[in-house]
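Source file: entry.cif; contents: mmCIF, C-alpha atoms and all ligand atoms.
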data_entry
#
loop_
_atom_site.label_atom_id
_atom_site.label_comp_id
_atom_site.auth_asym_id
_atom_site.auth_seq_id
_atom_site.Cartn_x
_atom_site.Cartn_y
_atom_site.Cartn_z
CA MET A 21 0.00 0.00 0.00
CA GLY A 22 1.60 3.25 -1.14
CA ILE A 23 1.35 6.51 0.78
CA GLU A 24 -1.38 8.80 -0.56
CA ASN A 25 -3.97 11.19 0.85
CA ASN A 26 -5.96 9.87 3.81
CA LYS A 27 -3.43 7.17 4.72
CA VAL A 28 -2.09 7.01 8.26
CA VAL A 29 1.68 6.77 8.03
CA SER A 30 4.16 5.91 10.75
CA PHE A 31 7.87 6.33 10.22
CA HIS A 32 11.13 6.47 12.10
CA TYR A 33 13.46 9.35 11.42
CA ARG A 34 16.88 10.61 12.19
CA LEU A 35 17.35 14.36 11.95
CA SER A 36 20.68 16.09 11.39
CA GLU A 37 22.25 19.00 9.62
CA PRO A 38 23.93 17.70 6.44
CA GLY A 39 27.13 15.91 7.44
CA GLY A 40 26.46 16.43 11.16
CA GLU A 41 25.62 14.17 14.06
CA PRO A 42 21.90 13.37 14.46
CA PHE A 43 20.23 15.56 17.09
CA GLU A 44 16.88 13.79 17.00
CA ASP A 45 16.36 10.09 16.50
CA SER A 46 13.03 8.31 16.91
CA HIS A 47 14.55 4.80 16.70
CA GLY A 48 14.06 3.08 20.02
CA ASP A 49 11.11 5.38 20.71
CA GLN A 50 7.64 5.58 19.16
CA PRO A 51 7.63 6.30 15.45
CA MET A 52 6.18 9.58 14.22
CA VAL A 53 2.58 9.12 13.07
CA TYR A 54 0.61 11.47 10.79
CA LEU A 55 -2.35 11.65 8.45
CA HIS A 56 -1.11 12.17 4.88
CA GLY A 57 -2.57 15.11 2.94
CA HIS A 58 -3.90 17.06 5.93
CA GLY A 59 -1.11 19.58 6.50
CA ASP A 60 0.22 17.54 9.44
CA MET A 61 3.77 17.28 8.13
CA LEU A 62 6.38 19.62 6.65
CA PRO A 63 5.24 19.95 3.01
CA GLY A 64 8.69 19.11 1.59
CA LEU A 65 8.82 15.94 3.66
CA GLU A 66 5.24 15.00 2.86
CA ALA A 67 5.97 15.33 -0.89
CA GLU A 68 8.91 12.88 -0.55
CA LEU A 69 6.79 10.41 1.43
CA GLU A 70 4.10 10.32 -1.28
CA GLY A 71 3.97 6.88 -2.97
CA ARG A 72 6.39 5.19 -0.54
CA GLU A 73 5.61 1.83 1.05
CA ALA A 74 6.26 0.28 4.46
CA GLY A 75 9.91 -0.79 4.74
CA GLU A 76 11.27 1.90 2.40
CA ARG A 77 14.22 3.98 3.60
CA PHE A 78 15.28 7.26 2.05
CA SER A 79 16.89 10.59 2.87
CA VAL A 80 15.56 14.08 2.25
CA THR A 81 17.41 17.36 2.63
CA LEU A 82 15.26 20.43 3.15
CA PRO A 83 16.59 24.00 3.02
CA PRO A 84 15.29 26.30 5.80
CA GLU A 85 12.53 27.75 3.61
CA GLN A 86 11.09 24.23 3.18
CA ALA A 87 11.71 23.29 6.80
CA TYR A 88 11.22 25.72 9.72
CA GLY A 89 11.92 28.97 7.89
CA GLU A 90 14.69 31.54 8.15
CA ARG A 91 15.51 33.02 11.52
CA ARG A 92 13.85 36.37 12.20
CA GLU A 93 15.90 39.00 14.00
CA GLY A 94 14.36 40.76 16.97
CA ALA A 95 12.18 37.79 17.83
CA THR A 96 13.14 37.94 21.50
CA THR A 97 10.33 38.39 23.99
CA ARG A 98 9.99 38.40 27.79
CA VAL A 99 7.73 35.71 29.26
CA PRO A 100 6.73 35.21 32.91
CA ILE A 101 8.16 31.91 34.14
CA LYS A 102 4.68 30.88 35.31
CA TYR A 103 3.70 30.43 31.63
CA LEU A 104 6.47 27.90 30.99
CA LEU A 105 5.56 24.23 31.16
CA GLN A 106 8.91 23.57 32.83
CA LYS A 107 9.77 26.05 35.58
CA LYS A 108 12.96 24.65 37.14
CA ASN A 109 16.62 24.43 36.14
CA LEU A 110 16.15 26.99 33.38
CA LYS A 111 19.30 27.85 31.44
CA PRO A 112 20.16 29.91 28.37
CA GLY A 113 20.10 27.76 25.23
CA MET A 114 17.43 25.46 26.60
CA VAL A 115 14.29 24.77 24.56
CA VAL A 116 11.16 25.33 26.63
CA ALA A 117 7.46 25.02 25.89
CA ILE A 118 5.34 28.10 26.60
CA GLY A 119 1.65 27.56 27.27
CA THR A 120 -0.37 29.71 24.83
CA GLU A 121 -4.05 29.79 23.91
CA GLU A 122 -3.18 27.84 20.76
CA GLY A 123 -1.31 25.18 22.75
CA PRO A 124 2.33 24.79 23.76
CA ARG A 125 4.90 26.61 21.69
CA ASP A 126 8.65 25.93 21.67
CA ALA A 127 11.13 28.73 22.23
CA VAL A 128 14.80 28.96 23.15
CA ILE A 129 15.81 30.69 26.39
CA VAL A 130 18.17 33.63 25.89
CA LYS A 131 18.31 34.94 29.47
CA VAL A 132 16.87 33.79 32.80
CA GLY A 133 15.63 36.31 35.35
CA ARG A 134 13.93 35.82 38.70
CA PHE A 135 10.33 35.96 37.47
CA ASN A 136 10.77 36.15 33.71
CA VAL A 137 12.79 34.62 30.95
CA ASP A 138 13.78 36.21 27.66
CA VAL A 139 13.13 33.75 24.87
CA ASP A 140 13.86 33.66 21.18
CA THR A 141 10.55 32.77 19.54
CA ASN A 142 12.18 31.55 16.34
CA HIS A 143 11.56 27.83 15.95
CA PRO A 144 14.62 26.07 17.41
CA LEU A 145 15.32 24.61 13.94
CA ALA A 146 14.76 27.88 12.04
CA GLY A 147 17.59 28.81 9.68
CA LYS A 148 18.87 25.25 9.45
CA THR A 149 19.12 22.98 6.43
CA LEU A 150 17.84 19.66 7.69
CA ASN A 151 18.57 16.13 6.61
CA PHE A 152 15.95 13.51 7.42
CA ASP A 153 16.77 9.79 7.21
CA ILE A 154 13.37 8.16 6.99
CA GLU A 155 12.26 4.58 7.45
CA VAL A 156 8.58 3.99 6.67
CA ILE A 157 7.15 1.61 9.28
CA GLU A 158 3.46 1.31 8.49
CA VAL A 159 0.90 2.64 6.01
CA ARG A 160 -2.79 2.07 6.71
CA ASP A 161 -6.18 3.51 5.76
CA ALA A 162 -7.45 6.21 8.10
CA THR A 163 -10.71 5.43 9.89
CA GLY A 164 -13.80 7.55 9.16
CA GLU A 165 -13.45 9.12 12.58
CA GLU A 166 -9.81 10.07 11.94
CA LEU A 167 -10.77 11.66 8.61
CA GLY A 168 -13.58 13.57 10.35
CA HIS A 169 -11.15 14.94 12.92
CA GLY A 170 -8.30 15.46 10.45
CA HIS A 171 -5.76 13.68 12.66
CA VAL A 172 -4.59 10.25 13.78
CA HIS A 173 -6.01 8.44 16.80
CA GLY A 174 -4.32 5.84 18.96
CA PRO A 175 -0.61 5.32 19.69
CA GLY A 176 1.42 8.34 18.58
CA GLY A 177 -1.77 10.24 17.68
CA HIS A 178 -4.50 12.01 19.59
CA GLN A 179 -5.80 10.16 22.65
CA HIS A 180 -9.37 11.30 23.18
ZN ZN B 1 -9.66 13.20 17.07
#
This structure in structure tokens:
Amino acid sequence: MGIENNKVVSFHYRLSEPGGEPFEDSHGDQPMVYLHGHGDMLPGLEAELEGREAGERFSVTLPPEQAYGERREGATTRVPIKYLLQKKNLKPGMVVAIGTEEGPRDAVIVKVGRFNVDVDTNHPLAGKTLNFDIEVIEVRDATGEELGHGHVHGPGGHQH
């Protein structure tokens, strides 16, 4: 079964900058799971996954504009520590999740104060060319309920 719209796809990935050491690796953890054709995945990655089958391995290199965008200057903002999901052992350079009305949002700490942190709201991977080593684990039809919700249910997906 090839990957096309409305298939639920799970895959393992290893993420690095070209020629660099991997800084994310899903092997040994749960694979990434997404619903193909619903804007769940980076478009450049989704295009490369199209038509692949379970067991296929391939690599994709995405420039920043196809990955997490270029870094924006002046994207530093001050956030009360009470809005961070993690409140202890905060250090510059650390990636933290900030609770927002649209859900948690990742940012990188620039400076830690007593009640506030200064964070860079650029995506932590903004400005980077990214290499993904992909191994497709499973391709299945989405259920009617998953299509209605526009996302995957069960392990690795939404639990509700
Ligand atoms: Zn749902």
*Skipping near chain neighbours, those fewer than 6 positions away, what residues fall within 12 Å of Gly164 (chain A) using all atoms listed in the file, listed as JSON, numbers by chain?*
{"A": [26, 27, 28, 170, 171, 172, 173]}
Taking C-alpha atoms for each residue, export the selection above as a PDB file, keeping the file's coordinate frame.
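See result-v6.pdb below for the written result:
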ATOM      1  CA  ASN A  26      -5.960   9.870   3.810  1.00  0.00           C
ATOM      2  CA  LYS A  27      -3.430   7.170   4.720  1.00  0.00           C
ATOM      3  CA  VAL A  28      -2.090   7.010   8.260  1.00  0.00           C
ATOM      4  CA  GLY A 170      -8.300  15.460  10.450  1.00  0.00           C
ATOM      5  CA  HIS A 171      -5.760  13.680  12.660  1.00  0.00           C
ATOM      6  CA  VAL A 172      -4.590  10.250  13.780  1.00  0.00           C
ATOM      7  CA  HIS A 173      -6.010   8.440  16.800  1.00  0.00           C
TER       8      HIS A 173
END
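Proximal residues of ligand ZN 1 (chain B) are A:Glu165, A:Glu166, A:Leu167, A:Gly168, A:His169, A:Gly170, A:His171, A:Val172, A:His173, A:Gly174, A:Gly177, A:His178, A:Gln179, A:His180, by a cut-off of 10 Å on all atoms listed in the file.
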*For region 137-142 of chain A, work out the shell of residues within 7 Å, counting only C-alpha atoms and skipping chain neighbours fewer than 2 positions away, then give it as a ChimeraX atom specification.*
/A:91-92,95-101,127-133,144,146
Same residues, C-alpha atoms, output as a PDB file, keeping the file's coordinate frame:
ATOM      1  CA  ARG A  91      15.510  33.020  11.520  1.00  0.00           C
ATOM      2  CA  ARG A  92      13.850  36.370  12.200  1.00  0.00           C
ATOM      3  CA  ALA A  95      12.180  37.790  17.830  1.00  0.00           C
ATOM      4  CA  THR A  96      13.140  37.940  21.500  1.00  0.00           C
ATOM      5  CA  THR A  97      10.330  38.390  23.990  1.00  0.00           C
ATOM      6  CA  ARG A  98       9.990  38.400  27.790  1.00  0.00           C
ATOM      7  CA  VAL A  99       7.730  35.710  29.260  1.00  0.00           C
ATOM      8  CA  PRO A 100       6.730  35.210  32.910  1.00  0.00           C
ATOM      9  CA  ILE A 101       8.160  31.910  34.140  1.00  0.00           C
ATOM     10  CA  ALA A 127      11.130  28.730  22.230  1.00  0.00           C
ATOM     11  CA  VAL A 128      14.800  28.960  23.150  1.00  0.00           C
ATOM     12  CA  ILE A 129      15.810  30.690  26.390  1.00  0.00           C
ATOM     13  CA  VAL A 130      18.170  33.630  25.890  1.00  0.00           C
ATOM     14  CA  LYS A 131      18.310  34.940  29.470  1.00  0.00           C
ATOM     15  CA  VAL A 132      16.870  33.790  32.800  1.00  0.00           C
ATOM     16  CA  GLY A 133      15.630  36.310  35.350  1.00  0.00           C
ATOM     17  CA  PRO A 144      14.620  26.070  17.410  1.00  0.00           C
ATOM     18  CA  ALA A 146      14.760  27.880  12.040  1.00  0.00           C
TER      19      ALA A 146
END
*Given the choices A:Arg134, A:Tyr33, A:Thr81, A:Leu55, which gets closest to Asp161 (chain A) if the distance is worked out from all atoms listed in the file?*
A:Leu55
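When CA of Ala74 (chain A) is paired with CA of Val156 (chain A), their separation reads 4.9 Å.
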*Between CA of Leu105 (chain A) and CA of Phe31 (chain A), distance in Å (one decimal)*: 27.6 Å
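Reported to one decimal place, the separation of CA of Pro175 (chain A) from CA of Tyr103 (chain A) is 28.1 Å.
For the choices A:Val29, A:Met21, A:Asn136, A:Phe152, the atom-to-atom distance to Gly64 (chain A) is smallest for A:Phe152 when using all atoms listed in the file.
Comparing A:His47, A:Gly119, A:Met61, A:Asp153 by their smallest distance to Tyr88 (chain A), the closest is A:Met61 (using only C-alpha atoms).
Near Thr149 (chain A), within a cut-off of 8 Å and counting only C-alpha atoms, sit the residues Glu37, Pro38, Thr81, Leu82, Pro83, Pro84 and Ala87 of chain A, with same-chain residues fewer than 5 positions away left out.
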So that I can see what lies close to Gly71 (chain A), please list as an mmCIF file with C-alpha atoms, in the coordinates of the input the residues with an atom at most 9 Å from it, counting all atoms listed in the file and leaving out residues fewer than 4 positions away in the same chain.
data_model
loop_
_atom_site.group_PDB
_atom_site.id
_atom_site.type_symbol
_atom_site.label_atom_id
_atom_site.label_comp_id
_atom_site.auth_asym_id
_atom_site.auth_seq_id
_atom_site.Cartn_x
_atom_site.Cartn_y
_atom_site.Cartn_z
ATOM 1 C CA MET A 21 0.000 0.000 0.000
ATOM 2 C CA GLY A 22 1.600 3.250 -1.140
ATOM 3 C CA ILE A 23 1.350 6.510 0.780
ATOM 4 C CA GLU A 24 -1.380 8.800 -0.560
ATOM 5 C CA ALA A 67 5.970 15.330 -0.890
#
